[in-house]
Amino acid sequence: MEGLLTHLRDLRADSFPKGTNLADFGLAKPAYRFTVQFGDKNTKESVEAAKSGDHVYARRATDPVPSELSKTALDEIEKSLGGL
C-alpha cells in the first residue's frame with residue numbers, strides 16, 4: 001500500500017492541455033479514481049486518471065481542467081494495484 005501511495009504522491013503534470021470537455025481526455029468516465037484521506041482533520045483528496053490514445057490525463061476531482069502526465073505515469077500505479 002505504501003508503494004501505491006508514493007506513486008500517487010509523485011504524479012506530476014507535464015502540461016495543461018486546452019479544453020474542458022472531460023470526454024476528450026478520457027475523464028468523463030475515468031479508468032481510475034483515487035481518494036486519499038489524511039491529516040488531523042481527515043481531509044480527503046480525490047484524483048481521477050485515464051489513458052486516451054497515447055496520452056495520460058489526470059485531474060483533481062474538484063478541478064474542471066485536466067493535466068497531461070507522462071505516458072508512463074500510470075505504469076507503476078497499475079503494478080502496485082496488481083500487487084494488492
# chains A, B, ... in the order shown; residues from 1 in each chain; ligands from 1
call {"tool": "residues_around", "arguments": {"residues": "A:Phe25", "least_positions_apart": "3", "cutoff": "10 Å", "atoms": "only C-alpha atoms", "output": "count of residues only"}}
result
21
call {"tool": "select_by_dssp", "arguments": {"residues": "chain A", "states": "alpha helix (DSSP H)", "output": "ChimeraX atom specification"}}
result
/A:2-9,75-82
call {"tool": "residues_around", "arguments": {"residues": "A:Lys44", "least_positions_apart": "3", "cutoff": "12 Å", "atoms": "only C-alpha atoms", "output": "list in words"}}
result
Phe34, Thr35, Val36, Gln37, Phe38, Gly39, Asp40, Lys41, Val47, Arg60, Ala61 and Thr62 of chain A
call {"tool": "closest_residue", "arguments": {"among": "A:Glu78, A:Asp14, A:Asp54, A:Glu45", "to": "A:Tyr32", "atoms": "only C-alpha atoms"}}
result
A:Glu78
call {"tool": "closest_residue", "arguments": {"among": "A:Asp10, A:Glu2, A:Glu48, A:Asp24", "to": "A:Ser70", "atoms": "only C-alpha atoms"}}
result
A:Asp10
call {"tool": "atom_distance", "arguments": {"atom1": "atom CA of A:Arg9", "atom2": "atom CA of A:Leu69"}}
result
13.1 Å
call {"tool": "select_by_dssp", "arguments": {"residues": "chain A", "states": "strand (DSSP E)", "output": "PyMOL selection string"}}
result
chain A and resi 32-38+43-52+55-60+67-69
call {"tool": "write_last_selection", "arguments": {"atoms": "N, CA, C and O atoms", "output": "CSV table (one decimal), in the first residue's frame"}}
result
chain,number,residue,atom,x,y,z
A,32,TYR,N,-9.5,5.4,-13.5
A,32,TYR,CA,-9.1,5.4,-12.1
A,32,TYR,C,-9.6,6.6,-11.3
A,32,TYR,O,-9.7,7.7,-11.8
A,33,ARG,N,-10.0,6.3,-10.1
A,33,ARG,CA,-10.3,7.4,-9.1
A,33,ARG,C,-9.7,7.0,-7.8
A,33,ARG,O,-10.1,5.9,-7.3
A,34,PHE,N,-8.8,7.8,-7.4
A,34,PHE,CA,-8.1,7.5,-6.1
A,34,PHE,C,-8.5,8.6,-5.1
A,34,PHE,O,-8.5,9.8,-5.4
A,35,THR,N,-8.9,8.1,-3.9
A,35,THR,CA,-9.3,9.0,-2.9
A,35,THR,C,-8.4,8.7,-1.7
A,35,THR,O,-8.4,7.6,-1.2
A,36,VAL,N,-7.7,9.7,-1.2
A,36,VAL,CA,-6.8,9.6,0.0
A,36,VAL,C,-7.3,10.5,1.1
A,36,VAL,O,-7.7,11.6,0.9
A,37,GLN,N,-7.3,9.9,2.3
A,37,GLN,CA,-7.7,10.7,3.5
A,37,GLN,C,-6.5,10.9,4.3
A,37,GLN,O,-5.7,9.9,4.6
A,38,PHE,N,-6.3,12.1,4.8
A,38,PHE,CA,-5.0,12.4,5.5
A,38,PHE,C,-5.2,13.5,6.5
A,38,PHE,O,-6.2,14.2,6.4
A,43,THR,N,-8.8,15.1,6.0
A,43,THR,CA,-9.0,15.7,4.7
A,43,THR,C,-9.0,14.7,3.6
A,43,THR,O,-8.2,13.8,3.6
A,44,LYS,N,-9.9,14.8,2.7
A,44,LYS,CA,-10.0,13.9,1.5
A,44,LYS,C,-9.6,14.6,0.3
A,44,LYS,O,-10.0,15.7,0.0
A,45,GLU,N,-8.8,13.9,-0.5
A,45,GLU,CA,-8.4,14.4,-1.8
A,45,GLU,C,-8.6,13.3,-2.9
A,45,GLU,O,-8.2,12.2,-2.7
A,46,SER,N,-9.3,13.6,-4.0
A,46,SER,CA,-9.6,12.6,-5.0
A,46,SER,C,-8.9,13.1,-6.3
A,46,SER,O,-9.0,14.2,-6.7
A,47,VAL,N,-8.3,12.1,-7.0
A,47,VAL,CA,-7.7,12.3,-8.3
A,47,VAL,C,-8.3,11.3,-9.2
A,47,VAL,O,-8.4,10.1,-8.9
A,48,GLU,N,-8.6,11.7,-10.4
A,48,GLU,CA,-9.1,10.9,-11.5
A,48,GLU,C,-8.1,10.8,-12.6
A,48,GLU,O,-7.4,11.8,-12.9
A,49,ALA,N,-7.9,9.6,-13.2
A,49,ALA,CA,-6.9,9.5,-14.2
A,49,ALA,C,-7.4,8.5,-15.3
A,49,ALA,O,-8.2,7.6,-15.0
A,50,ALA,N,-6.9,8.7,-16.5
A,50,ALA,CA,-7.3,7.9,-17.6
A,50,ALA,C,-6.3,8.0,-18.8
A,50,ALA,O,-5.6,9.0,-18.9
A,51,LYS,N,-6.2,6.9,-19.6
A,51,LYS,CA,-5.4,6.9,-20.8
A,51,LYS,C,-6.4,7.2,-21.9
A,51,LYS,O,-7.5,6.7,-22.0
A,52,SER,N,-5.9,8.1,-22.8
A,52,SER,CA,-6.7,8.4,-24.0
A,52,SER,C,-5.7,8.4,-25.2
A,52,SER,O,-4.9,9.3,-25.3
A,55,HIS,N,-1.9,9.2,-24.7
A,55,HIS,CA,-1.7,10.2,-23.7
A,55,HIS,C,-2.4,9.8,-22.3
A,55,HIS,O,-3.3,8.9,-22.3
A,56,VAL,N,-1.9,10.3,-21.3
A,56,VAL,CA,-2.4,10.0,-19.9
A,56,VAL,C,-2.8,11.4,-19.3
A,56,VAL,O,-2.0,12.3,-19.3
A,57,TYR,N,-4.0,11.4,-18.8
A,57,TYR,CA,-4.6,12.7,-18.3
A,57,TYR,C,-5.0,12.4,-16.9
A,57,TYR,O,-5.5,11.3,-16.5
A,58,ALA,N,-5.0,13.4,-16.0
A,58,ALA,CA,-5.5,13.3,-14.7
A,58,ALA,C,-6.0,14.7,-14.2
A,58,ALA,O,-5.7,15.7,-14.8
A,59,ARG,N,-6.8,14.7,-13.2
A,59,ARG,CA,-7.3,15.9,-12.6
A,59,ARG,C,-7.7,15.6,-11.2
A,59,ARG,O,-8.1,14.5,-10.8
A,60,ARG,N,-7.7,16.7,-10.4
A,60,ARG,CA,-8.3,16.5,-9.1
A,60,ARG,C,-9.8,16.5,-9.3
A,60,ARG,O,-10.3,17.2,-10.2
A,67,SER,N,-4.8,17.8,-16.5
A,67,SER,CA,-3.4,17.9,-16.8
A,67,SER,C,-2.9,16.7,-17.6
A,67,SER,O,-3.5,15.6,-17.4
A,68,GLU,N,-1.9,16.9,-18.4
A,68,GLU,CA,-1.3,15.7,-19.1
A,68,GLU,C,-0.1,15.2,-18.3
A,68,GLU,O,0.7,16.0,-17.9
A,69,LEU,N,-0.1,13.9,-18.1
A,69,LEU,CA,1.0,13.3,-17.4
A,69,LEU,C,1.9,12.6,-18.4
A,69,LEU,O,1.6,12.5,-19.5
call {"tool": "atom_distance", "arguments": {"atom1": "atom CA of A:Gly82", "atom2": "atom CA of A:Phe16"}}
result
29.0 Å
call {"tool": "atom_distance", "arguments": {"atom1": "atom CA of A:Glu76", "atom2": "atom CA of A:Ser15"}}
result
20.0 Å
